[in-house]
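**Student:** Got a structure for you, upload_23.txt, holding compact mmCIF, C-alpha atoms and all ligand atoms.
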# COMPACT_ATOMS: atom_id res chain seq x y z
CA MET B 1 120.11 12.81 147.61
CA LYS B 2 121.49 11.98 144.20
CA LEU B 3 123.43 8.77 143.74
CA PHE B 4 126.40 8.53 141.37
CA ILE B 5 128.47 5.45 140.48
CA ASP B 6 132.19 5.92 141.02
CA SER B 7 133.38 3.82 138.11
CA GLY B 8 134.69 3.79 134.57
CA ASN B 9 133.48 0.25 134.00
CA LEU B 10 130.76 -0.02 131.36
CA LYS B 11 129.46 -3.38 132.61
CA GLU B 12 128.96 -2.06 136.15
CA ILE B 13 127.28 1.07 134.83
CA GLU B 14 125.05 -0.86 132.40
CA SER B 15 123.89 -3.20 135.16
CA LEU B 16 122.96 -0.46 137.66
CA VAL B 17 121.46 2.28 135.47
CA PRO B 18 118.27 0.31 134.57
CA LEU B 19 117.36 0.27 138.30
CA GLY B 20 116.44 3.94 137.90
CA ILE B 21 118.38 5.16 140.94
CA ILE B 22 121.57 6.41 139.28
CA ASP B 23 121.85 10.14 138.63
CA GLY B 24 125.43 10.42 137.37
CA ILE B 25 128.94 9.01 137.24
CA THR B 26 132.31 9.99 138.59
CA THR B 27 135.54 8.73 137.08
CA ASN B 28 139.14 9.51 137.90
CA PRO B 29 142.45 8.68 136.16
CA SER B 30 142.98 5.58 138.36
CA LEU B 31 139.53 4.21 137.48
CA LEU B 32 139.85 4.87 133.74
CA ALA B 33 143.39 3.45 133.67
CA LYS B 34 141.89 0.06 134.61
CA GLU B 35 139.61 -0.01 131.55
CA PRO B 36 140.88 -1.23 128.17
CA GLY B 37 140.22 0.98 125.14
CA ASP B 38 140.16 4.66 124.33
CA TYR B 39 139.16 6.76 127.34
CA ARG B 40 137.28 9.28 125.18
CA GLU B 41 135.10 6.51 123.71
CA ILE B 42 134.50 5.07 127.18
CA LEU B 43 133.44 8.48 128.50
CA LYS B 44 131.14 9.03 125.51
CA LYS B 45 129.49 5.63 126.06
CA ILE B 46 129.09 6.30 129.80
CA CYS B 47 127.34 9.61 129.00
CA GLN B 48 125.01 7.88 126.54
CA ILE B 49 124.07 5.23 129.12
CA VAL B 50 123.57 7.40 132.19
CA LYS B 51 122.44 10.62 130.48
CA GLY B 52 123.55 12.55 133.55
CA PRO B 53 126.59 14.41 134.89
CA THR B 54 129.75 12.40 134.20
CA SER B 55 132.96 13.63 135.77
CA ALA B 56 136.15 13.30 133.73
CA GLU B 57 139.39 14.43 135.32
CA VAL B 58 142.25 16.43 133.80
CA VAL B 59 145.75 15.02 134.27
CA ALA B 60 147.69 18.23 133.56
CA THR B 61 148.91 19.99 136.68
CA ASP B 62 149.50 23.48 135.24
CA TYR B 63 146.74 26.05 134.67
CA GLU B 64 147.07 26.20 130.86
CA GLY B 65 147.15 22.42 130.54
CA MET B 66 144.13 21.97 132.82
CA VAL B 67 142.10 24.51 130.88
CA ARG B 68 143.10 22.94 127.55
CA GLU B 69 142.27 19.42 128.74
CA GLY B 70 139.09 20.63 130.42
CA ARG B 71 137.82 22.20 127.19
CA ASP B 72 138.71 19.04 125.30
CA LEU B 73 136.95 16.76 127.81
CA ALA B 74 133.86 19.00 127.84
CA GLY B 75 133.75 18.64 124.03
CA ILE B 76 133.25 14.86 124.27
CA ASP B 77 129.62 15.15 125.40
CA PRO B 78 127.36 17.78 126.97
CA HIS B 79 127.02 15.58 130.09
CA ILE B 80 130.75 15.81 130.87
CA VAL B 81 131.71 17.62 134.06
CA VAL B 82 135.38 18.64 134.13
CA LYS B 83 137.13 17.41 137.24
CA VAL B 84 140.14 19.37 138.49
CA PRO B 85 142.24 18.65 141.57
CA PHE B 86 142.24 21.16 144.40
CA THR B 87 145.50 23.01 143.80
CA LYS B 88 146.12 26.71 143.13
CA GLU B 89 146.35 25.90 139.42
CA GLY B 90 143.17 23.84 139.67
CA VAL B 91 141.34 26.71 141.38
CA LYS B 92 142.40 29.12 138.61
CA ALA B 93 141.34 26.59 135.97
CA CYS B 94 137.99 26.13 137.73
CA LYS B 95 137.37 29.88 137.60
CA THR B 96 138.16 30.02 133.87
CA LEU B 97 136.21 26.90 132.89
CA SER B 98 133.20 27.87 135.04
CA SER B 99 133.12 31.35 133.51
CA GLU B 100 132.89 29.64 130.08
CA GLY B 101 129.78 27.82 131.30
CA LYS B 102 131.48 24.46 131.85
CA ARG B 103 130.57 22.54 135.00
CA VAL B 104 133.60 21.83 137.18
CA ASN B 105 133.98 19.24 139.95
CA VAL B 106 136.79 20.19 142.32
CA THR B 107 138.22 16.95 143.60
CA LEU B 108 140.62 15.81 146.33
CA CYS B 109 138.98 18.09 148.91
CA PHE B 110 140.14 17.38 152.45
CA SER B 111 139.31 20.61 154.33
CA PRO B 112 136.49 23.14 154.70
CA THR B 113 138.76 25.97 153.54
CA GLN B 114 139.35 24.15 150.26
CA ALA B 115 135.58 23.75 149.88
CA LEU B 116 135.02 27.46 150.53
CA ILE B 117 137.61 28.41 147.90
CA ALA B 118 136.08 26.02 145.34
CA ALA B 119 132.63 27.57 145.87
CA LYS B 120 134.06 31.07 145.44
CA VAL B 121 135.45 30.18 142.00
CA GLY B 122 132.13 28.77 140.81
CA ALA B 123 132.65 25.02 141.15
CA ALA B 124 129.49 23.11 140.29
CA TYR B 125 130.58 20.31 142.65
CA ILE B 126 133.00 19.86 145.54
CA SER B 127 134.23 16.34 146.27
CA PRO B 128 135.23 15.72 149.89
CA PHE B 129 136.99 12.33 150.11
CA VAL B 130 135.52 10.77 153.24
CA GLY B 131 137.07 7.29 153.05
CA ARG B 132 140.61 8.56 152.67
CA LEU B 133 140.12 10.79 155.74
CA ASP B 134 138.67 7.88 157.74
CA ASP B 135 141.76 5.89 156.70
CA ILE B 136 143.95 8.35 158.60
CA ALA B 137 141.72 8.33 161.70
CA THR B 138 140.02 11.63 160.84
CA SER B 139 136.26 11.86 160.46
CA GLY B 140 135.37 12.28 156.80
CA MET B 141 131.75 12.95 157.70
CA SER B 142 132.70 15.84 160.02
CA LEU B 143 134.19 17.49 156.96
CA VAL B 144 130.96 16.95 155.02
CA GLN B 145 128.99 18.46 157.91
CA GLU B 146 131.22 21.55 157.95
CA ILE B 147 130.95 22.05 154.20
CA VAL B 148 127.15 21.67 154.20
CA GLU B 149 126.94 24.24 157.02
CA ILE B 150 129.25 26.73 155.28
CA TYR B 151 127.49 26.44 151.92
CA ASP B 152 124.07 26.83 153.59
CA ASN B 153 125.21 29.98 155.43
CA TYR B 154 126.01 31.73 152.16
CA GLU B 155 123.65 29.95 149.80
CA PHE B 156 126.49 28.79 147.56
CA LYS B 157 125.18 26.85 144.58
CA THR B 158 128.11 24.37 144.64
CA GLU B 159 126.80 20.85 145.27
CA VAL B 160 128.42 18.69 147.93
CA LEU B 161 129.44 15.42 146.26
CA VAL B 162 130.54 12.95 148.91
CA ALA B 163 133.34 10.84 147.41
CA SER B 164 135.70 8.05 148.43
CA THR B 165 132.83 6.14 150.03
CA ARG B 166 133.58 2.66 151.33
CA GLY B 167 130.24 1.24 152.49
CA PRO B 168 126.49 1.89 152.76
CA ILE B 169 126.94 3.63 156.14
CA HIS B 170 128.69 6.47 154.30
CA ILE B 171 125.55 6.86 152.15
CA VAL B 172 123.30 6.96 155.20
CA GLU B 173 125.50 9.52 156.96
CA ALA B 174 125.80 11.69 153.84
CA ALA B 175 122.01 11.68 153.42
CA ARG B 176 121.46 12.54 157.11
CA LEU B 177 123.80 15.51 156.74
CA GLY B 178 121.94 16.77 153.67
CA ALA B 179 124.76 16.25 151.17
CA ASP B 180 123.57 16.75 147.59
CA ILE B 181 125.22 13.67 146.08
CA CYS B 182 127.00 10.52 147.14
CA THR B 183 129.24 8.73 144.65
CA CYS B 184 129.94 5.07 145.37
CA PRO B 185 131.64 2.05 143.88
CA ALA B 186 129.13 -0.39 142.30
CA ALA B 187 129.61 -2.89 145.15
CA VAL B 188 128.50 -0.28 147.70
CA ILE B 189 125.35 0.45 145.70
CA GLU B 190 124.64 -3.30 145.47
CA ALA B 191 125.02 -3.53 149.25
CA MET B 192 122.28 -0.89 149.72
CA PHE B 193 119.75 -3.46 148.54
CA LYS B 194 120.65 -6.25 150.91
CA HIS B 195 118.84 -7.15 154.11
CA PRO B 196 118.58 -10.74 155.41
CA LEU B 197 115.10 -10.09 156.87
CA THR B 198 113.83 -9.17 153.40
CA ASP B 199 115.13 -12.47 152.02
CA ILE B 200 113.74 -14.49 154.95
CA GLY B 201 110.39 -12.65 154.79
CA LEU B 202 109.97 -13.18 151.06
CA GLU B 203 110.89 -16.85 151.30
CA LYS B 204 108.23 -17.34 154.02
CA PHE B 205 105.52 -15.45 152.06
CA LEU B 206 106.15 -17.62 148.99
CA LYS B 207 106.27 -20.89 150.97
CA ASP B 208 103.01 -20.06 152.83
CA TRP B 209 101.34 -19.20 149.53
CA GLU B 210 102.57 -22.38 147.88
CA LYS B 211 101.29 -24.50 150.84
CA SER B 212 97.85 -22.87 150.74
CA GLN B 213 97.54 -23.56 147.01
CA GLY B 214 98.33 -27.25 147.61
CA VAL B 215 95.58 -27.46 150.28
CA LYS B 216 93.01 -25.74 148.02
CA ALA B 217 93.73 -28.04 145.07
C1 LIG X 301 135.55 10.53 143.41
O1 LIG X 301 135.27 11.33 142.57
C2 LIG X 301 136.76 9.70 143.38
O2 LIG X 301 136.86 9.18 142.09
C3 LIG X 301 136.67 8.52 144.30
O3 LIG X 301 135.52 8.56 145.10
C4 LIG X 301 137.93 8.21 145.06
O4 LIG X 301 137.69 7.09 145.89
P1 LIG X 301 138.86 6.25 146.58
O5 LIG X 301 139.38 7.04 147.74
O6 LIG X 301 138.17 4.99 147.03
O7 LIG X 301 139.90 6.01 145.53
Take the structure in the file and write it out as structure tokens.
**Tutor:**
Amino acid sequence: MKLFIDSGNLKEIESLVPLGIIDGITTNPSLLAKEPGDYREILKKICQIVKGPTSAEVVATDYEGMVREGRDLAGIDPHIVVKVPFTKEGVKACKTLSSEGKRVNVTLCFSPTQALIAAKVGAAYISPFVGRLDDIATSGMSLVQEIVEIYDNYEFKTEVLVASTRGPIHIVEAARLGADICTCPAAVIEAMFKHPLTDIGLEKFLKDWEKSQGVKA
């Protein structure tokens, strides 16, 4: 399963990419709004650091505006994936942009019917928002399971990009369901590394080694 960072923060991205486990980035207007500076320059820098798919979202809500913004965003760097919200206008824009060879990530997916429609218009990625569904006492992972099953039945090429993740358990569940990608805030990726038994075990190995060296000397 590919791992993306859900962030527009260069420091977070720069600290995680050297680990060699990051395959791409997702941003959204809320994330980029938090970062000072020109969003186009930030997106360009992110692409240069990660050298992988980097989602940048349109803010227009009409078809023409989405297509115009999508073309403009795609022009920033070849790694840019145009993100459009799941609306009728977004679906039309996805069809147009995909037919021009641009990769489109259809975002704000909360149902399997939305995922089916996105695949039919050639979306490169579908982003089910698991955390926001969990927040309203609905299983986000059940949605992922349904989408994976539907896409497998028809061999759709659209990749399932699990979004709105809140903790490492979402990564485990996404991987068990065979999702293609999980995008996570930097803190969630950091948490994947942590296990107290690793820390305790390493401390003991080093102490035992140190003791034995003292005895030998
Ligand atoms: C994904 O593409 C979205 O940017 C993101 O995962 C939304 O997460 P949130 O629900 O935590 O805002």
**Student:** Which residues sit within 6 Å of ligand LIG 301 (chain X), counting only C-alpha atoms and all ligand atoms, listed as JSON, numbers by chain?
**Tutor:** {"B": [6, 26, 27, 28, 131, 132, 163, 164]}
**Student:** Mind running region 47-122 of chain B against region 182-198 of chain B at 12 Å and telling me each contacting residue's nearest atom pair with the distance in Å (one decimal), counting only C-alpha atoms, chain and number ascending, as CSV?
**Tutor:**
residue,atom,partner,partner_atom,distance
B:Pro53,CA,B:Thr183,CA,11.6
B:Thr54,CA,B:Thr183,CA,11.1
B:Ser55,CA,B:Thr183,CA,10.8
**Student:** Within 10 Å of region 140-154 of chain B, counting all atoms listed in the file, which residues show up once you throw out same-chain ones fewer than 5 positions away? Write them as a VMD selection string, please.
**Tutor:** chain B and resid 109 to 116 119 126 to 135 159 to 165 170 173 to 174 176 to 180
**Student:** Record the distance separating CA of Glu64 (chain B) and CA of Val91 (chain B), expressed in Å with one decimal.
**Tutor:**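 Atom-to-atom, CA of Glu64 (chain B) to CA of Val91 (chain B), that is 12.0 Å.
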**Student:** Please tell me which residues are no farther than 8 Å from (131.4, 12.1, 125.9) in the file, counting all atoms listed in the file, and write them as an MDAnalysis selection string.
**Tutor:** chainID B and resid 40:48 73:80
**Student:** Within 12 Å of Pro29 (chain B), counting only C-alpha atoms, which residues show up once you throw out same-chain ones fewer than 4 positions away? Write them as a PyMOL selection string, please.
**Tutor:** chain B and resi 6-8+33-35+39+43+55-60+83-85+107
**Student:** Could you list, as an NGL selection string, every residue within 8 Å of region 14-20 of chain B, counting all atoms listed in the file and ignoring same-chain residues fewer than 4 positions away?
**Tutor:** :B and (10 or 49-50 or 186)
**Student:** In Å to one decimal, how far is CA of Asp199 (chain B) from CA of Gln213 (chain B)?
**Tutor:** 21.4 Å
**Student:** Rounded to one decimal in Å, what is the spacing between CA of Gly70 (chain B) and CA of Ala124 (chain B)?
**Tutor:**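 Separating CA of Gly70 (chain B) from CA of Ala124 (chain B) is a distance of 14.0 Å.
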**Student:** From the list B:Met66, B:Ile171, B:Ala137, B:Val81, which residue is nearest Ile25 (chain B) when using all atoms listed in the file?
**Tutor:**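 When distances to Ile25 (chain B) are compared using all atoms listed in the file, the smallest one comes from B:Val81.
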**Student:** Using only the atoms of region 206-214 of chain B listed in the file, plus 6 Å on each side, state the axis-aligned box centre and edge lengths in Å rounded to one decimal, as AutoDock Vina command-line options.
**Tutor:**
--center_x 101.9 --center_y -22.4 --center_z 149.9 --size_x 20.7 --size_y 21.6 --size_z 17.8
